[in-house]
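Student: Here you go, one structure.
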Amino acid sequence: MVSKKIVKKRLKGSPKSKIKRRKPVKISKNKPKKAKPIKKHSEKIDPKLIKEIQKSNIKINEIKKEIKKVVVGQDKAINDLLACLISGGNALLEGVPGIAKTLIIKSLAQSVRCTSKRIQFTADLLPTDITGFTAYSRQKGFFVVKGPIFANFVLADEINRSPPKVQSALIEVMQEKQVTIGTKTYHLDAPFIIFATENPLENRGVYKLPEAQVDRFLFKIMLTYPSIEEEEGIMDSNVTLKKFEDYKIKPVASPTEILRMQELVKQIYVSPKIKNYIAKIVAQTRPAKGNDLKSAKHIEWGASPRASINLYVAARANALLANRAFVTPQDVKDIAYNVLRHRIILNYQGQISGVSTENIISDILNKVKVP
């Protein structure tokens, strides 16, 4: 046992520097300060914008309700078409005949009080049959006969049945929203959107759409078969037994309100991380050096910067439809297939191996890290 005297001597002889003394804690009588709130998206968004988005969603739900008076099922396709409309883009619809492609577009035009025209594309169609032409008569002299393209909604039915010469007549219309007839250029009324349908079954008497034109479609929407329950509902309410007018679709919105929604889409907040996420997704579609995507070997040409712009705009539209004033990574994922599926061109190896652009987009979304 060590005596108490020896322990005291040892403590006295130890250097002061080695002994650590704690400072006395001052107890404050004041209340503790509240932690600063974490900055969220809502702090960067105008409250008035949020209210306008909520009003727009009420209107969009009314439009959906009117369309569903005629169309049974196809909820995703309807939502995609509305996203395309408020984005101000054009849509290419692909699906087997009799799956309500034309009916959805006709119902949408009726519900938003927009003028609509339908053009049936055939092998003998001429570009002037779409845009219009200059005519002459003794009484009037030279005058312009405007084609069916002069409408808010234009349904280009079975667009792949006409040769590229006719299909390319729509390129100026789709991009610049204007038509040149003779020496005069005419601006089209807003909102303007082309809904083109494509029949995937035919391989005779059809023509492949030029890549330059396909790239001008904001979305390529795939329409699938209905479920058994939905098909039973289609039997009860179908346009074969009833006239379209019998469904009494009410115009619940106006062209002015659609234009206002398009302006709201431009005000949706997109963070720098989301922009970077979009850029990385599009970059993975390009078979460049350093691209370690497994399916990159099947890609001949990837998406252009127009795809980045379209992803950026369409993600905002998807956020608006979800009643939000900011974009999330899920918004980008939701519209990635519609924006990219027609912009990725497969090489010969990819075509014979049975790889689809859908598989490639899935690989990209799984690989790119979500912010």
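The chains in the structure tokens are called A, B, ... from first to last as shown; in each chain the residues are counted from 1, and the ligands are counted from 1 in the order shown.
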Quick one: residues within 12 Å of A:Gly350, only C-alpha atoms, excluding same-chain residues fewer than 2 positions away - as an NGL selection string?

Tutor: :A and (294-301 or 344-348 or 352-357 or 359-360)

Student: Emit the selected residues as a PDB file, in the first residue's frame, including N, CA and C atoms.

Tutor:
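Heads up, here's the output in again-v5.pdb:
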```pdb
ATOM      1  N   LYS A 294     -22.788  -0.182 -70.411  1.00  0.00           N
ATOM      2  CA  LYS A 294     -22.718  -1.487 -71.080  1.00  0.00           C
ATOM      3  C   LYS A 294     -23.438  -1.488 -72.424  1.00  0.00           C
ATOM      4  N   SER A 295     -24.588  -0.823 -72.485  1.00  0.00           N
ATOM      5  CA  SER A 295     -25.384  -0.809 -73.720  1.00  0.00           C
ATOM      6  C   SER A 295     -24.940   0.261 -74.711  1.00  0.00           C
ATOM      7  N   ALA A 296     -23.852   1.016 -74.397  1.00  0.00           N
ATOM      8  CA  ALA A 296     -23.378   2.073 -75.294  1.00  0.00           C
ATOM      9  C   ALA A 296     -22.878   1.502 -76.621  1.00  0.00           C
ATOM     10  N   LYS A 297     -22.466   0.242 -76.615  1.00  0.00           N
ATOM     11  CA  LYS A 297     -21.965  -0.398 -77.844  1.00  0.00           C
ATOM     12  C   LYS A 297     -23.062  -0.605 -78.883  1.00  0.00           C
ATOM     13  N   HIS A 298     -24.328  -0.500 -78.452  1.00  0.00           N
ATOM     14  CA  HIS A 298     -25.454  -0.674 -79.375  1.00  0.00           C
ATOM     15  C   HIS A 298     -25.950   0.657 -79.947  1.00  0.00           C
ATOM     16  N   ILE A 299     -25.352   1.769 -79.548  1.00  0.00           N
ATOM     17  CA  ILE A 299     -25.823   3.098 -79.972  1.00  0.00           C
ATOM     18  C   ILE A 299     -25.000   3.615 -81.142  1.00  0.00           C
ATOM     19  N   GLU A 300     -25.690   4.014 -82.207  1.00  0.00           N
ATOM     20  CA  GLU A 300     -25.031   4.632 -83.356  1.00  0.00           C
ATOM     21  C   GLU A 300     -24.929   6.145 -83.149  1.00  0.00           C
ATOM     22  N   TRP A 301     -26.061   6.755 -82.801  1.00  0.00           N
ATOM     23  CA  TRP A 301     -26.105   8.192 -82.518  1.00  0.00           C
ATOM     24  C   TRP A 301     -26.901   8.419 -81.244  1.00  0.00           C
ATOM     25  N   ILE A 344     -32.489   8.176 -79.589  1.00  0.00           N
ATOM     26  CA  ILE A 344     -31.371   7.245 -79.561  1.00  0.00           C
ATOM     27  C   ILE A 344     -31.485   6.332 -80.787  1.00  0.00           C
ATOM     28  N   ILE A 345     -30.470   6.369 -81.643  1.00  0.00           N
ATOM     29  CA  ILE A 345     -30.473   5.556 -82.871  1.00  0.00           C
ATOM     30  C   ILE A 345     -29.550   4.364 -82.671  1.00  0.00           C
ATOM     31  N   LEU A 346     -30.107   3.171 -82.827  1.00  0.00           N
ATOM     32  CA  LEU A 346     -29.339   1.945 -82.631  1.00  0.00           C
ATOM     33  C   LEU A 346     -28.497   1.625 -83.853  1.00  0.00           C
ATOM     34  N   ASN A 347     -27.348   1.017 -83.640  1.00  0.00           N
ATOM     35  CA  ASN A 347     -26.526   0.543 -84.751  1.00  0.00           C
ATOM     36  C   ASN A 347     -27.001  -0.840 -85.190  1.00  0.00           C
ATOM     37  N   TYR A 348     -26.312  -1.398 -86.160  1.00  0.00           N
ATOM     38  CA  TYR A 348     -26.737  -2.692 -86.709  1.00  0.00           C
ATOM     39  C   TYR A 348     -26.673  -3.782 -85.652  1.00  0.00           C
ATOM     40  N   ILE A 352     -29.975  -6.146 -84.501  1.00  0.00           N
ATOM     41  CA  ILE A 352     -30.069  -7.605 -84.654  1.00  0.00           C
ATOM     42  C   ILE A 352     -30.076  -8.324 -83.309  1.00  0.00           C
ATOM     43  N   SER A 353     -29.565  -7.651 -82.274  1.00  0.00           N
ATOM     44  CA  SER A 353     -29.535  -8.284 -80.947  1.00  0.00           C
ATOM     45  C   SER A 353     -30.839  -8.107 -80.185  1.00  0.00           C
ATOM     46  N   GLY A 354     -31.749  -7.309 -80.759  1.00  0.00           N
ATOM     47  CA  GLY A 354     -33.060  -7.134 -80.137  1.00  0.00           C
ATOM     48  C   GLY A 354     -33.089  -6.148 -78.984  1.00  0.00           C
ATOM     49  N   VAL A 355     -32.057  -5.327 -78.863  1.00  0.00           N
ATOM     50  CA  VAL A 355     -32.022  -4.306 -77.811  1.00  0.00           C
ATOM     51  C   VAL A 355     -32.937  -3.146 -78.204  1.00  0.00           C
ATOM     52  N   SER A 356     -33.698  -2.639 -77.286  1.00  0.00           N
ATOM     53  CA  SER A 356     -34.585  -1.499 -77.549  1.00  0.00           C
ATOM     54  C   SER A 356     -34.040  -0.251 -76.861  1.00  0.00           C
ATOM     55  N   THR A 357     -34.487   0.887 -77.341  1.00  0.00           N
ATOM     56  CA  THR A 357     -34.072   2.144 -76.699  1.00  0.00           C
ATOM     57  C   THR A 357     -34.600   2.220 -75.263  1.00  0.00           C
ATOM     58  N   ASN A 359     -34.590  -0.258 -73.131  1.00  0.00           N
ATOM     59  CA  ASN A 359     -33.591  -0.928 -72.303  1.00  0.00           C
ATOM     60  C   ASN A 359     -32.400  -0.011 -72.011  1.00  0.00           C
ATOM     61  N   ILE A 360     -31.988   0.741 -73.041  1.00  0.00           N
ATOM     62  CA  ILE A 360     -30.837   1.635 -72.887  1.00  0.00           C
ATOM     63  C   ILE A 360     -31.158   2.757 -71.898  1.00  0.00           C
TER      64      ILE A 360
END
```

Student: Give me the residues near A:Lys177 as an MDAnalysis selection string, where near means some atom within 10 Å (using only C-alpha atoms) and where sequence neighbours in that chain fewer than 4 positions away do not count.

Tutor: chainID A and resid 170:173 186:193

Student: Kindly indicate which residue among A:Asn338, A:Asn199, A:Thr180, A:Thr285 lies nearest to A:Ile221, using only C-alpha atoms for the distances.

Tutor: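 Among A:Asn338, A:Asn199, A:Thr180, A:Thr285, it is A:Asn338 that comes nearest to A:Ile221.
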
Student: Which residues in stretch 126-172 of chain A does DSSP call strand (DSSP E or B)? List them as a list of chain:residue names.

Tutor: A:Gly132, A:Phe133, A:Thr134, A:Ala135, A:Tyr136, A:Ser137, A:Gly141, A:Phe142, A:Phe143, A:Val144, A:Val145, A:Lys146, A:Phe153, A:Val154, A:Leu155, A:Ala156, A:Asp157

Student: Do a neighbour search on A:Asp331 at 10 Å with only C-alpha atoms, toss out local chain neighbours closer than 6 positions, and write the hits as a list in words.

Tutor: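 The contact residues come out as Ile274, Leu311, Tyr312, Ala314, Ala315, Arg316, Ala317, Asn318, Ala319, Leu320 and Ala322 of chain A.
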
Student: Taking 2 positions as the minimum chain separation for residues in the same chain, which residues sit within 10 Å of A:Leu126 when counting only C-alpha atoms? Answer as JSON, numbers by chain.

Tutor: {"A": [121, 122, 123, 124, 128, 129, 130, 131, 132, 162, 163, 165, 166, 167, 169]}

Student: Would you mind exporting C-alpha atoms of the selected residues as a compact mmCIF listing (two decimals), in the first residue's frame?

Tutor:
```txt
# COMPACT_ATOMS: atom_id res chain seq x y z
CA PHE A 121 -51.46 11.06 -94.52
CA THR A 122 -51.42 8.94 -97.67
CA ALA A 123 -48.85 8.07 -100.32
CA ASP A 124 -50.26 10.60 -102.81
CA THR A 128 -49.30 21.95 -100.37
CA ASP A 129 -52.18 19.75 -99.15
CA ILE A 130 -50.90 20.47 -95.65
CA THR A 131 -49.60 24.03 -95.71
CA GLY A 132 -51.77 25.57 -98.46
CA SER A 162 -46.45 9.63 -96.70
CA PRO A 163 -42.98 10.02 -98.24
CA LYS A 165 -40.98 15.04 -98.91
CA VAL A 166 -44.44 15.47 -97.38
CA GLN A 167 -43.33 14.75 -93.81
CA ALA A 169 -43.32 20.02 -94.87
```

Student: Kindly indicate which residue among A:Lys140, A:Lys248, A:Lys184, A:Arg118 lies nearest to A:Glu66, using only C-alpha atoms for the distances.

Tutor: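 That would be A:Lys248, the residue with the smallest distance to A:Glu66.
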
Student: Given only C-alpha atoms as the basis, pick out the residue of A:His342, A:Lys69, A:Lys59, A:Lys369 nearest to A:Met222.

Tutor: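 Closest candidate: A:His342.
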
Student: Which residues are near A:Leu85? Cut-off 12 Å, only C-alpha atoms, ignore same chain within fewer than 4 positions. Put them as a PyMOL selection string.

Tutor: chain A and resi 60+78-81+89-91+105+108-109+112+114+152-153+190-195+217-219+255+257-263+265+313-314+317-318+321

Student: Restricting the calculation to only C-alpha atoms: of A:Asp334, A:Gln110, A:Asp46, A:Gly73, which residue gets closest to A:Ala253?

Tutor: A:Gln110

Student: Assign secondary structure with DSSP using the backbone only, and return the residues of stretch 84-311 of chain A in helix (DSSP H, G or I) as a PyMOL selection string.

Tutor: chain A and resi 84-87+101-111+128-131+159-161+164-176+211-214+228-236+244-247+255-266+272-283+294-298+305-311

Student: Between atom CA of A:Asp363 and atom CA of A:Thr224, what distance in Å does the model show, to one decimal?

Tutor: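 According to the coordinates, atom CA of A:Asp363 and atom CA of A:Thr224 are separated by 22.0 Å.
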